[in-house]
$ cat input-v7.txt   # compact mmCIF, C-alpha atoms
# COMPACT_ATOMS: atom_id res chain seq x y z
CA MET F 1 -18.21 -20.24 -11.88
CA SER F 2 -17.98 -16.69 -10.52
CA ALA F 3 -17.55 -13.81 -12.94
CA VAL F 4 -14.15 -12.17 -12.91
CA VAL F 5 -14.86 -9.66 -15.68
CA GLU F 6 -18.37 -8.34 -16.23
CA PHE F 7 -18.61 -5.57 -18.82
CA GLU F 8 -22.03 -4.41 -20.01
CA LYS F 9 -22.31 -1.74 -22.68
CA VAL F 10 -18.99 -0.29 -21.54
CA VAL F 11 -17.86 2.91 -23.16
CA ALA F 12 -14.36 4.27 -22.51
CA VAL F 13 -12.73 7.31 -24.02
CA ALA F 14 -9.03 8.12 -24.39
CA GLY F 15 -8.66 11.86 -24.86
CA SER F 16 -11.60 12.55 -27.15
CA PHE F 17 -11.42 9.22 -28.97
CA PRO F 18 -13.81 6.41 -27.96
CA VAL F 19 -11.72 3.26 -27.50
CA LEU F 20 -14.49 1.01 -26.15
CA THR F 21 -17.90 1.60 -27.71
CA GLY F 22 -20.47 -0.44 -25.83
CA LEU F 23 -18.44 -3.55 -25.09
CA ASP F 24 -20.28 -6.53 -23.57
CA LEU F 25 -18.21 -9.37 -22.17
CA ARG F 26 -18.31 -11.73 -19.22
CA VAL F 27 -15.30 -13.84 -18.32
CA ASP F 28 -15.53 -16.46 -15.58
CA GLN F 29 -12.89 -17.67 -13.17
CA GLY F 30 -10.41 -20.11 -14.68
CA GLU F 31 -11.04 -19.15 -18.28
CA VAL F 32 -8.19 -18.50 -20.68
CA VAL F 33 -9.44 -15.96 -23.20
CA LEU F 34 -7.61 -15.06 -26.39
CA LEU F 35 -8.44 -11.58 -27.67
CA ARG F 36 -8.13 -11.11 -31.39
CA GLY F 37 -8.73 -8.20 -33.69
CA GLU F 38 -7.09 -5.81 -36.05
CA ASN F 39 -4.86 -2.98 -34.90
CA GLY F 40 -7.03 -0.42 -33.13
CA ALA F 41 -9.79 -2.96 -32.45
CA GLY F 42 -9.72 -2.14 -28.72
CA LYS F 43 -7.75 -5.11 -27.34
CA THR F 44 -5.19 -3.04 -25.43
CA SER F 45 -7.86 -0.57 -24.29
CA PHE F 46 -10.01 -3.43 -22.99
CA LEU F 47 -7.07 -4.86 -21.03
CA ARG F 48 -6.24 -1.42 -19.62
CA ALA F 49 -9.87 -0.83 -18.69
CA CYS F 50 -9.86 -4.18 -16.86
CA ALA F 51 -6.76 -3.00 -14.95
CA GLY F 52 -8.44 0.30 -14.15
CA LEU F 53 -5.90 2.29 -16.13
CA ILE F 54 -8.64 3.69 -18.37
CA SER F 55 -11.76 5.01 -16.74
CA VAL F 56 -15.16 3.78 -17.86
CA SER F 57 -17.39 6.60 -19.13
CA SER F 58 -20.65 4.67 -19.19
CA GLY F 59 -22.01 1.15 -18.84
CA ASP F 60 -21.42 -1.32 -16.03
CA ALA F 61 -17.94 -2.64 -15.36
CA HIS F 62 -17.07 -5.05 -12.57
CA ILE F 63 -13.68 -6.71 -12.09
CA LEU F 64 -13.46 -9.45 -9.45
CA GLY F 65 -16.67 -8.05 -8.02
CA PHE F 66 -15.35 -4.49 -7.71
CA ASP F 67 -17.36 -1.76 -9.40
CA MET F 68 -14.85 0.00 -11.65
CA ARG F 69 -16.98 3.12 -11.86
CA VAL F 70 -16.78 3.51 -8.08
CA ASP F 71 -13.13 2.61 -7.45
CA ARG F 72 -10.97 1.46 -10.34
CA ARG F 73 -7.94 1.01 -8.08
CA ALA F 74 -9.56 -1.55 -5.79
CA PRO F 75 -9.00 -4.76 -7.81
CA ARG F 76 -5.42 -3.94 -8.82
CA ARG F 77 -3.87 -5.92 -5.99
CA TYR F 78 -5.28 -9.07 -7.60
CA ILE F 79 -4.30 -8.22 -11.18
CA GLY F 80 -1.09 -8.85 -13.09
CA LEU F 81 -0.73 -6.67 -16.18
CA LEU F 82 1.84 -7.14 -18.91
CA GLY F 83 1.54 -4.55 -21.65
CA HIS F 84 3.48 -3.95 -24.84
CA GLU F 85 6.24 -2.51 -22.71
CA ASN F 86 7.96 -4.58 -20.06
CA ASN F 87 7.76 -2.15 -17.10
CA LEU F 88 11.37 -2.81 -16.15
CA TYR F 89 13.90 -0.60 -14.37
CA GLN F 90 16.80 -0.78 -16.82
CA ASP F 91 19.52 -0.02 -14.24
CA LEU F 92 18.47 -2.61 -11.66
CA TRP F 93 19.80 -6.12 -11.68
CA VAL F 94 17.34 -8.81 -12.75
CA ARG F 95 16.91 -10.26 -9.26
CA GLU F 96 16.63 -6.84 -7.62
CA HIS F 97 13.86 -5.88 -10.01
CA VAL F 98 11.78 -8.99 -9.48
CA GLU F 99 12.32 -8.70 -5.72
CA PHE F 100 11.03 -5.12 -5.82
CA ARG F 101 8.00 -6.08 -7.89
CA ALA F 102 7.27 -8.92 -5.48
CA ALA F 103 7.35 -6.54 -2.53
CA ALA F 104 5.36 -3.91 -4.42
CA VAL F 105 2.46 -6.30 -5.01
CA GLY F 106 2.59 -7.67 -1.50
CA ALA F 107 4.16 -11.03 -2.44
CA ALA F 108 6.98 -12.67 -0.53
CA GLU F 109 10.43 -11.65 -1.74
CA SER F 110 11.51 -15.22 -1.12
CA ASP F 111 9.41 -16.31 -4.11
CA THR F 112 11.66 -14.33 -6.43
CA ASP F 113 14.12 -17.12 -7.15
CA ALA F 114 11.34 -19.63 -7.82
CA ALA F 115 9.66 -17.23 -10.28
CA LEU F 116 12.90 -16.57 -12.16
CA ILE F 117 13.62 -20.29 -12.43
CA ARG F 118 10.04 -21.02 -13.47
CA VAL F 119 10.21 -18.54 -16.34
CA GLY F 120 13.61 -19.79 -17.41
CA VAL F 121 15.86 -16.85 -16.61
CA SER F 122 19.27 -18.45 -16.15
CA LYS F 123 21.06 -17.83 -12.86
CA GLN F 124 24.00 -16.10 -14.53
CA LEU F 125 21.66 -13.29 -15.52
CA TRP F 126 20.27 -12.60 -12.05
CA THR F 127 23.02 -10.11 -11.23
CA VAL F 128 23.11 -8.47 -14.64
CA PRO F 129 21.58 -5.01 -15.29
CA ILE F 130 18.28 -5.38 -17.12
CA GLY F 131 19.35 -2.79 -19.69
CA SER F 132 22.03 -5.12 -20.98
CA LEU F 133 19.65 -8.04 -21.64
CA SER F 134 18.23 -9.03 -25.02
CA ALA F 135 14.58 -8.25 -25.82
CA GLY F 136 13.55 -11.85 -25.17
CA GLN F 137 15.37 -12.00 -21.84
CA ARG F 138 13.74 -8.73 -20.77
CA ARG F 139 10.33 -10.15 -21.65
CA LYS F 140 11.06 -13.17 -19.47
CA VAL F 141 12.03 -10.92 -16.55
CA ALA F 142 8.75 -9.04 -17.02
CA ILE F 143 6.84 -12.34 -16.97
CA ALA F 144 8.73 -13.43 -13.83
CA SER F 145 7.66 -10.14 -12.22
CA LEU F 146 4.05 -11.17 -12.88
CA VAL F 147 4.46 -14.79 -11.82
CA VAL F 148 5.88 -13.79 -8.45
CA GLY F 149 2.70 -11.86 -7.62
CA ARG F 150 0.40 -14.86 -8.26
CA PRO F 151 -2.39 -12.67 -9.67
CA ARG F 152 -5.99 -13.82 -9.80
CA LEU F 153 -6.48 -12.05 -13.11
CA TRP F 154 -3.72 -12.01 -15.72
CA LEU F 155 -4.01 -9.34 -18.40
CA LEU F 156 -1.42 -9.89 -21.10
CA ASP F 157 -0.83 -7.88 -24.26
CA GLU F 158 1.17 -9.86 -26.80
CA PRO F 159 2.92 -11.84 -24.06
CA HIS F 160 4.80 -14.05 -26.54
CA ALA F 161 6.47 -11.10 -28.26
CA SER F 162 10.27 -11.44 -28.52
CA LEU F 163 10.26 -14.94 -26.96
CA ASP F 164 11.94 -17.90 -28.64
CA SER F 165 9.89 -21.05 -29.32
CA GLU F 166 11.03 -22.82 -26.15
CA SER F 167 10.16 -19.82 -23.99
CA ARG F 168 6.78 -19.48 -25.71
CA GLU F 169 5.95 -23.07 -24.89
CA ASN F 170 7.12 -22.53 -21.32
CA LEU F 171 4.90 -19.45 -21.01
CA ASP F 172 1.92 -21.45 -22.28
CA VAL F 173 2.59 -24.08 -19.61
CA ILE F 174 2.80 -21.36 -16.92
CA LEU F 175 -0.50 -19.85 -18.08
CA ALA F 176 -2.24 -23.22 -18.24
CA GLU F 177 -0.99 -24.06 -14.75
CA ALA F 178 -2.19 -20.71 -13.37
CA ALA F 179 -5.62 -21.26 -14.93
CA ARG F 180 -5.79 -24.76 -13.45
CA LEU F 181 -5.14 -23.22 -10.03
CA GLY F 182 -8.08 -20.84 -10.50
CA ALA F 183 -6.56 -17.76 -12.13
CA THR F 184 -8.28 -16.13 -15.06
CA ILE F 185 -6.21 -15.18 -18.08
CA ILE F 186 -7.06 -12.74 -20.81
CA PHE F 187 -4.44 -12.18 -23.46
CA ALA F 188 -4.27 -10.32 -26.73
CA SER F 189 -2.27 -11.84 -29.51
CA HIS F 190 -1.84 -11.57 -33.23
CA GLU F 191 -0.20 -14.98 -33.29
CA SER F 192 -3.40 -16.98 -33.27
CA PRO F 193 -2.09 -20.25 -34.72
CA LEU F 194 0.48 -20.47 -31.92
CA THR F 195 -1.68 -19.30 -29.05
CA LYS F 196 -5.10 -20.70 -29.90
CA GLY F 197 -4.15 -24.00 -28.29
CA ILE F 198 -3.98 -22.66 -24.75
CA ALA F 199 -7.12 -20.54 -25.02
CA SER F 200 -10.41 -21.97 -23.81
CA ARG F 201 -12.24 -19.19 -25.59
CA VAL F 202 -11.55 -16.78 -28.43
CA VAL F 203 -13.07 -13.30 -28.50
CA THR F 204 -12.73 -11.08 -31.54
CA LEU F 205 -12.93 -7.34 -31.03
CA GLY F 206 -13.47 -4.60 -33.60
CA GLY F 207 -14.22 -0.92 -33.24
CA GLY F 208 -14.12 -1.16 -29.47
CA ARG F 209 -16.78 -3.88 -29.11
CA VAL F 210 -17.12 -7.66 -29.30
CA LEU F 211 -17.63 -8.90 -32.87
CA GLU F 212 -17.37 -12.62 -32.25
CA ASP F 213 -17.20 -14.78 -29.13
CA SER F 214 -16.54 -18.52 -29.28
CA GLY F 215 -17.85 -18.80 -25.71
CA ALA F 216 -21.14 -17.00 -26.36
CA SER F 217 -24.19 -19.11 -25.57
CA MET I 1 3.68 2.36 5.85
CA LEU I 2 7.31 2.88 6.89
CA ALA I 3 8.27 -0.40 5.20
CA GLU I 4 6.60 0.77 1.97
CA ILE I 5 8.33 4.16 2.10
CA LEU I 6 11.71 2.49 2.61
CA LEU I 7 11.00 0.00 -0.18
CA VAL I 8 10.35 2.78 -2.70
CA ALA I 9 13.27 4.90 -1.48
CA ARG I 10 15.64 1.92 -1.54
CA LYS I 11 14.60 1.08 -5.10
CA ASP I 12 15.15 4.66 -6.31
CA LEU I 13 18.52 4.91 -4.58
CA ARG I 14 19.57 1.54 -5.94
CA VAL I 15 18.63 2.60 -9.48
CA GLU I 16 20.65 5.76 -8.95
CA TRP I 17 23.59 3.91 -7.44
CA ARG I 18 23.74 1.58 -10.44
CA ALA I 19 23.32 4.39 -12.99
CA LYS I 20 25.70 6.83 -11.24
CA ILE I 21 23.91 9.81 -12.78
CA ALA I 22 23.72 11.92 -9.61
CA LEU I 23 27.32 11.71 -8.53
CA GLY I 24 28.85 10.97 -11.91
CA GLN I 25 27.13 13.62 -14.01
CA VAL I 26 24.84 15.99 -12.08
CA ALA I 27 27.26 16.83 -9.25
CA PRO I 28 30.22 17.62 -11.56
CA LEU I 29 27.93 19.73 -13.76
CA ALA I 30 26.62 21.68 -10.75
CA LEU I 31 30.22 22.17 -9.56
CA LEU I 32 31.08 23.47 -12.99
CA ILE I 33 28.31 26.02 -12.62
CA LEU I 34 29.94 27.25 -9.41
CA VAL I 35 33.21 27.65 -11.33
CA VAL I 36 31.50 29.45 -14.23
CA LEU I 37 29.71 31.78 -11.82
CA ALA I 38 33.05 32.57 -10.19
CA PHE I 39 34.48 33.46 -13.60
CA ALA I 40 31.38 35.51 -14.42
CA LEU I 41 32.06 37.59 -11.30
CA ASP I 42 35.66 38.05 -12.43
CA ALA I 43 36.90 35.89 -9.54
CA ASN I 44 36.35 38.89 -7.31
CA SER I 45 36.83 37.34 -3.85
CA SER I 46 34.80 39.91 -1.92
CA LEU I 47 31.90 39.68 -4.39
CA LEU I 48 32.02 35.88 -4.29
CA GLU I 49 32.04 35.88 -0.50
CA LEU I 50 29.02 38.17 -0.45
CA GLY I 51 27.09 36.15 -3.04
CA ALA I 52 28.22 32.66 -2.00
CA GLY I 53 24.86 31.75 -0.42
CA GLY I 54 22.86 32.74 -3.47
CA LEU I 55 25.28 31.16 -5.95
CA TYR I 56 25.24 27.93 -3.94
CA TRP I 57 21.42 27.72 -4.10
CA VAL I 58 21.40 28.53 -7.83
CA ALA I 59 23.68 25.52 -8.36
CA VAL I 60 21.42 23.40 -6.11
CA LEU I 61 18.39 24.56 -8.09
CA TYR I 62 19.99 23.51 -11.34
CA GLY I 63 21.32 20.16 -10.11
CA GLY I 64 18.20 19.42 -8.07
CA THR I 65 15.94 20.01 -11.08
CA LEU I 66 17.98 17.50 -13.08
CA LEU I 67 17.72 14.95 -10.26
CA ILE I 68 13.96 15.45 -9.97
CA GLN I 69 13.58 15.00 -13.71
CA ARG I 70 15.70 11.86 -13.61
CA SER I 71 13.62 10.47 -10.74
CA PHE I 72 10.51 10.50 -12.96
CA ASP I 73 12.29 9.55 -16.17
CA VAL I 74 13.02 6.24 -14.45
CA GLU I 75 9.30 5.78 -13.75
CA THR I 76 8.11 6.65 -17.25
CA ASP I 77 10.79 4.62 -19.05
CA ASP I 78 9.59 1.25 -20.45
CA GLY I 79 6.02 1.89 -19.24
CA ASN I 80 7.01 1.74 -15.58
CA MET I 81 4.30 4.26 -14.68
CA ASP I 82 1.70 1.53 -15.27
CA ALA I 83 3.48 -0.79 -12.85
CA PHE I 84 3.79 2.13 -10.41
CA ARG I 85 0.00 2.61 -10.60
CA MET I 86 -0.69 -1.13 -10.37
CA SER I 87 1.40 -1.65 -7.23
CA VAL I 88 -0.38 -2.11 -3.92
CA ILE I 89 1.86 0.46 -2.27
CA GLY I 90 -0.29 3.33 -1.06
CA ALA I 91 0.01 6.70 -2.79
CA PRO I 92 1.25 8.48 0.39
CA SER I 93 4.02 5.88 0.72
CA LEU I 94 4.98 6.30 -2.94
CA PHE I 95 5.11 10.06 -2.44
CA LEU I 96 7.18 9.90 0.74
CA GLY I 97 9.43 7.12 -0.61
CA LYS I 98 10.34 9.06 -3.74
CA SER I 99 10.76 12.23 -1.68
CA LEU I 100 13.11 10.42 0.71
CA ALA I 101 15.25 9.11 -2.16
CA LEU I 102 15.43 12.59 -3.67
CA PHE I 103 16.28 14.04 -0.26
CA VAL I 104 19.30 11.74 -0.03
CA GLN I 105 20.44 12.52 -3.58
CA ILE I 106 19.99 16.30 -3.30
CA GLY I 107 21.63 16.14 0.15
CA LEU I 108 24.70 14.48 -1.38
CA LEU I 109 24.72 17.04 -4.17
CA GLU I 110 24.65 19.80 -1.54
CA LEU I 111 27.60 18.26 0.29
CA VAL I 112 29.61 18.30 -2.92
CA LEU I 113 28.53 21.87 -3.72
CA GLY I 114 29.15 22.98 -0.13
CA SER I 115 32.74 21.76 -0.42
CA GLY I 116 33.00 23.52 -3.77
CA VAL I 117 31.77 26.82 -2.34
CA ALA I 118 34.20 26.53 0.59
CA VAL I 119 37.15 25.98 -1.75
CA LEU I 120 36.22 28.29 -4.63
CA TYR I 121 34.58 31.19 -2.79
CA ASN I 122 36.67 31.12 0.38
CA VAL I 123 33.70 31.45 2.75
CA ARG I 124 33.71 31.35 6.56
CA VAL I 125 30.78 29.86 8.48
CA VAL I 126 29.75 31.83 11.58
CA ASP I 127 26.58 29.88 12.47
CA TRP I 128 26.86 26.15 11.70
CA GLY I 129 23.49 25.41 13.32
CA LEU I 130 21.63 27.79 11.01
CA LEU I 131 23.58 26.56 7.99
CA LEU I 132 22.65 22.93 8.69
CA VAL I 133 19.00 23.65 9.50
CA ALA I 134 18.62 25.80 6.38
CA ALA I 135 20.30 23.15 4.22
CA VAL I 136 18.10 20.35 5.59
CA ALA I 137 14.91 22.44 5.37
CA GLY I 138 15.76 23.48 1.82
CA THR I 139 16.51 19.90 0.80
CA ILE I 140 13.20 18.65 2.20
CA ALA I 141 11.33 21.45 0.43
CA PHE I 142 13.14 20.75 -2.86
CA SER I 143 12.40 17.02 -2.60
CA VAL I 144 8.68 17.19 -1.82
CA CYS I 145 8.05 19.98 -4.37
CA GLY I 146 9.99 18.00 -6.95
CA VAL I 147 7.99 14.81 -6.44
CA LEU I 148 4.70 16.68 -6.47
CA TRP I 149 5.44 18.51 -9.72
CA GLY I 150 7.31 15.55 -11.17
CA VAL I 151 4.26 13.30 -11.01
CA MET I 152 2.09 16.03 -12.54
CA SER I 153 4.25 16.15 -15.64
CA ALA I 154 5.15 12.45 -15.72
CA GLY I 155 2.50 11.47 -18.27
CA LEU I 156 3.25 14.29 -20.68
CA ARG I 157 5.33 13.87 -23.83
CA VAL I 158 6.85 17.32 -23.36
CA ARG I 159 7.85 16.73 -19.73
CA ALA I 160 11.58 17.18 -20.43
CA THR I 161 11.06 20.88 -21.04
CA LEU I 162 7.80 21.42 -19.18
CA LEU I 163 8.94 20.11 -15.80
CA PRO I 164 11.73 22.70 -15.30
CA LEU I 165 9.36 25.40 -16.57
CA LEU I 166 6.77 24.44 -13.95
CA LEU I 167 9.21 23.58 -11.20
CA VAL I 168 11.63 26.50 -11.18
CA PRO I 169 9.02 29.16 -10.26
CA VAL I 170 7.87 26.89 -7.42
CA LEU I 171 11.44 26.42 -6.21
CA VAL I 172 12.37 30.11 -6.38
CA PRO I 173 10.94 30.95 -2.91
CA ILE I 174 13.08 28.13 -1.48
CA LEU I 175 16.09 29.50 -3.34
CA LEU I 176 15.48 33.01 -1.99
CA ALA I 177 14.90 31.86 1.58
CA GLY I 178 17.92 29.56 1.41
CA SER I 179 20.12 32.34 0.06
CA ARG I 180 19.09 34.74 2.87
CA ALA I 181 19.53 32.08 5.56
CA PHE I 182 22.96 31.12 4.20
CA GLU I 183 24.05 34.75 4.02
CA THR I 184 23.31 35.07 7.75
CA ALA I 185 25.04 31.77 8.49
CA LEU I 186 28.09 32.93 6.50
CA GLY I 187 28.12 36.26 8.33
CA VAL I 188 27.61 38.50 5.30
CA ARG I 189 24.15 39.69 6.32
CA ALA I 190 22.94 40.41 9.83
CA ASP I 191 19.47 39.39 8.95
CA ALA I 192 16.75 37.11 10.31
CA GLY I 193 18.38 33.92 9.04
CA TRP I 194 16.31 31.67 11.27
CA THR I 195 13.11 33.24 9.97
CA TRP I 196 14.14 32.37 6.43
CA ALA I 197 15.03 28.83 7.49
CA SER I 198 11.62 28.54 9.16
CA LEU I 199 9.97 29.73 5.94
CA MET I 200 11.63 26.84 4.10
CA LEU I 201 10.26 24.42 6.68
CA VAL I 202 6.78 25.89 6.19
CA ILE I 203 7.07 25.50 2.40
CA ALA I 204 8.19 21.90 2.94
CA ALA I 205 5.30 21.19 5.33
CA VAL I 206 2.69 22.70 2.99
CA HIS I 207 3.94 20.73 -0.02
CA THR I 208 4.18 17.54 2.03
CA ALA I 209 0.55 17.95 3.12
CA ILE I 210 -0.55 18.60 -0.48
CA GLY I 211 1.51 15.64 -1.69
CA LEU I 212 0.07 13.25 0.87
CA GLY I 213 -3.45 14.27 -0.12
CA ALA I 214 -3.12 14.65 -3.87
CA PHE I 215 -0.37 12.28 -5.03
CA GLY I 216 -2.78 9.38 -5.66
CA PHE I 217 -5.06 11.53 -7.78
CA LEU I 218 -2.15 13.03 -9.71
CA LEU I 219 -0.69 9.58 -10.31
CA GLU I 220 -3.99 8.30 -11.70
CA GLU I 221 -4.78 11.29 -13.86
CA GLY I 222 -1.21 12.08 -14.94
$ encode --input "input-v7.txt" --output "structure tokens"
Amino acid sequence: MSAVVEFEKVVAVAGSFPVLTGLDLRVDQGEVVLLRGENGAGKTSFLRACAGLISVSSGDAHILGFDMRVDRRAPRRYIGLLGHENNLYQDLWVREHVEFRAAAVGAAESDTDAALIRVGVSKQLWTVPIGSLSAGQRRKVAIASLVVGRPRLWLLDEPHASLDSESRENLDVILAEAARLGATIIFASHESPLTKGIASRVVTLGGGRVLEDSGAS
Amino acid sequence: MLAEILLVARKDLRVEWRAKIALGQVAPLALLILVVLAFALDANSSLLELGAGGLYWVAVLYGGTLLIQRSFDVETDDGNMDAFRMSVIGAPSLFLGKSLALFVQIGLLELVLGSGVAVLYNVRVVDWGLLLVAAVAGTIAFSVCGVLWGVMSAGLRVRATLLPLLLVPVLVPILLAGSRAFETALGVRADAGWTWASLMLVIAAVHTAIGLGAFGFLLEEG
């Protein structure tokens, strides 16, 4: 299997605070990795470093073969990132938003409907302003915006937050399906009992480095 | 590239159309400023006629700054800046797309304010060509400067107050040039109106060149 994420002794700093302190981790194509750790362990920073939103100060960092110290923007076209926030334009209608995201990541706008259906956003909501949706519905629209881009690397920070049990199960099915088709998924979650089932590997972070790795040889 | 520019502009205009901030709130507020300025000058018709060009651009400056701020509030709300950075749309297209959307919004604001000036200040246009060229040049300059400075302050917590503080000094030369050009177009000053209009085009061209080169860096580091 080819490496999708290759971090060796990676150090990253936010402001003057070191958020990754010599992190070593390799994730191969098709893996579904659950990131665990206490608040401030470095889960979000690791995901953002993978997306190139935090620059690497030292160490070697490659995402999908791209050297992140040379050009951290290069792999972004293959990455889908869902952070704590949903990245939604509150005034746009649901369908308009997903259509825009599809176009913005170079995906076909025609896939919009399929993505919304896949995630379980009911048709009545497609022409409703996002700002008037519930938190769970907004999360589903955010997930649909990712699904439509068919990323090769999914970086998800608490993706199950605000979702009801049916939607959580649906998301797990979507993630498992994406992994089966060759995508790599890394997600941070505090809800281990619920999410452990879909993960092929569990990595525990602490103090900006890997403390425990169920996939370590 | 054109498709990307239009995609970004269409999205911004659609957001604005749904929210109705520009026409529903900013334009009436800018019109109100014209009224207040008229009262401040004691509704003296000859004074208002003389100062109409300058008062118009002061109202544009105020309303335009609000629109520029709004344009980046939309991007920073709900973590949208991350999605903006993660998109495959090139930085020059993002810059030009947002500038185009702002151009349309500020242009509409100017139409409203232009009507307001005509009604409230009783002005007479003697050179429509100069008036239109100066208005378009000023709107382009406002838009590109706004996007350039808007992205610089987008990542800051204090952007609500910092952006106007940074932006207004940059926009003042446009305001001055626009005022002089309008005064010539309105026949109150026999001055080099076309030179002032050309100056606005130069300011617009310089900021467009800087924006095309630096927007990607500013977006990443903002």
$ atom_distance --input "input-v7.txt" --atom1 "CA of Leu130 (chain I)" --atom2 "CA of Ala185 (chain I)"
5.8 Å
$ closest_residue --input "input-v7.txt" --among "F:Arg73, F:Lys43, F:Arg48, F:Arg26" --to "Val88 (chain I)" --atoms "all atoms listed in the file"
F:Arg73
$ interface_residues --input "input-v7.txt" --of "chain I" --to "chain F" --cutoff "10 Å" --atoms "only C-alpha atoms" --output "PDB file with C-alpha atoms, keeping the file's coordinate frame"
ATOM      1  CA  ALA I   3       8.270  -0.400   5.200  1.00  0.00           C
ATOM      2  CA  GLU I   4       6.600   0.770   1.970  1.00  0.00           C
ATOM      3  CA  LEU I   7      11.000   0.000  -0.180  1.00  0.00           C
ATOM      4  CA  VAL I   8      10.350   2.780  -2.700  1.00  0.00           C
ATOM      5  CA  ARG I  10      15.640   1.920  -1.540  1.00  0.00           C
ATOM      6  CA  LYS I  11      14.600   1.080  -5.100  1.00  0.00           C
ATOM      7  CA  ASP I  12      15.150   4.660  -6.310  1.00  0.00           C
ATOM      8  CA  ARG I  14      19.570   1.540  -5.940  1.00  0.00           C
ATOM      9  CA  VAL I  15      18.630   2.600  -9.480  1.00  0.00           C
ATOM     10  CA  GLU I  16      20.650   5.760  -8.950  1.00  0.00           C
ATOM     11  CA  TRP I  17      23.590   3.910  -7.440  1.00  0.00           C
ATOM     12  CA  ARG I  18      23.740   1.580 -10.440  1.00  0.00           C
ATOM     13  CA  ALA I  19      23.320   4.390 -12.990  1.00  0.00           C
ATOM     14  CA  LYS I  20      25.700   6.830 -11.240  1.00  0.00           C
ATOM     15  CA  VAL I  74      13.020   6.240 -14.450  1.00  0.00           C
ATOM     16  CA  GLU I  75       9.300   5.780 -13.750  1.00  0.00           C
ATOM     17  CA  THR I  76       8.110   6.650 -17.250  1.00  0.00           C
ATOM     18  CA  ASP I  77      10.790   4.620 -19.050  1.00  0.00           C
ATOM     19  CA  ASP I  78       9.590   1.250 -20.450  1.00  0.00           C
ATOM     20  CA  GLY I  79       6.020   1.890 -19.240  1.00  0.00           C
ATOM     21  CA  ASN I  80       7.010   1.740 -15.580  1.00  0.00           C
ATOM     22  CA  MET I  81       4.300   4.260 -14.680  1.00  0.00           C
ATOM     23  CA  ASP I  82       1.700   1.530 -15.270  1.00  0.00           C
ATOM     24  CA  ALA I  83       3.480  -0.790 -12.850  1.00  0.00           C
ATOM     25  CA  PHE I  84       3.790   2.130 -10.410  1.00  0.00           C
ATOM     26  CA  ARG I  85       0.000   2.610 -10.600  1.00  0.00           C
ATOM     27  CA  MET I  86      -0.690  -1.130 -10.370  1.00  0.00           C
ATOM     28  CA  SER I  87       1.400  -1.650  -7.230  1.00  0.00           C
ATOM     29  CA  VAL I  88      -0.380  -2.110  -3.920  1.00  0.00           C
ATOM     30  CA  ILE I  89       1.860   0.460  -2.270  1.00  0.00           C
ATOM     31  CA  GLY I  90      -0.290   3.330  -1.060  1.00  0.00           C
ATOM     32  CA  GLU I 220      -3.990   8.300 -11.700  1.00  0.00           C
ATOM     33  CA  GLU I 221      -4.780  11.290 -13.860  1.00  0.00           C
TER      34      GLU I 221
END
$ atom_distance --input "input-v7.txt" --atom1 "CA of Asp191 (chain I)" --atom2 "CA of Glu49 (chain I)"
16.1 Å
$ residues_around --input "input-v7.txt" --residues "Ala190 (chain I)" --least-positions-apart "4" --cutoff "12 Å" --atoms "all atoms listed in the file" --output "PyMOL selection string"
chain I and resi 126-127+180-186+194
$ residues_around --input "input-v7.txt" --residues "region 159-164 of chain F" --least-positions-apart "3" --cutoff "12 Å" --atoms "only C-alpha atoms" --output "CSV table (one decimal) with C-alpha atoms, in the coordinates of the input"
chain,number,residue,atom,x,y,z
F,34,LEU,CA,-7.6,-15.1,-26.4
F,35,LEU,CA,-8.4,-11.6,-27.7
F,81,LEU,CA,-0.7,-6.7,-16.2
F,82,LEU,CA,1.8,-7.1,-18.9
F,83,GLY,CA,1.5,-4.6,-21.6
F,84,HIS,CA,3.5,-4.0,-24.8
F,85,GLU,CA,6.2,-2.5,-22.7
F,86,ASN,CA,8.0,-4.6,-20.1
F,119,VAL,CA,10.2,-18.5,-16.3
F,120,GLY,CA,13.6,-19.8,-17.4
F,121,VAL,CA,15.9,-16.8,-16.6
F,134,SER,CA,18.2,-9.0,-25.0
F,135,ALA,CA,14.6,-8.2,-25.8
F,136,GLY,CA,13.6,-11.8,-25.2
F,137,GLN,CA,15.4,-12.0,-21.8
F,138,ARG,CA,13.7,-8.7,-20.8
F,139,ARG,CA,10.3,-10.2,-21.6
F,140,LYS,CA,11.1,-13.2,-19.5
F,141,VAL,CA,12.0,-10.9,-16.6
F,142,ALA,CA,8.8,-9.0,-17.0
F,143,ILE,CA,6.8,-12.3,-17.0
F,144,ALA,CA,8.7,-13.4,-13.8
F,146,LEU,CA,4.0,-11.2,-12.9
F,154,TRP,CA,-3.7,-12.0,-15.7
F,155,LEU,CA,-4.0,-9.3,-18.4
F,156,LEU,CA,-1.4,-9.9,-21.1
F,167,SER,CA,10.2,-19.8,-24.0
F,168,ARG,CA,6.8,-19.5,-25.7
F,169,GLU,CA,6.0,-23.1,-24.9
F,170,ASN,CA,7.1,-22.5,-21.3
F,171,LEU,CA,4.9,-19.4,-21.0
F,172,ASP,CA,1.9,-21.4,-22.3
F,174,ILE,CA,2.8,-21.4,-16.9
F,175,LEU,CA,-0.5,-19.8,-18.1
F,185,ILE,CA,-6.2,-15.2,-18.1
F,186,ILE,CA,-7.1,-12.7,-20.8
F,187,PHE,CA,-4.4,-12.2,-23.5
F,188,ALA,CA,-4.3,-10.3,-26.7
F,189,SER,CA,-2.3,-11.8,-29.5
F,190,HIS,CA,-1.8,-11.6,-33.2
F,191,GLU,CA,-0.2,-15.0,-33.3
F,192,SER,CA,-3.4,-17.0,-33.3
F,194,LEU,CA,0.5,-20.5,-31.9
F,195,THR,CA,-1.7,-19.3,-29.0
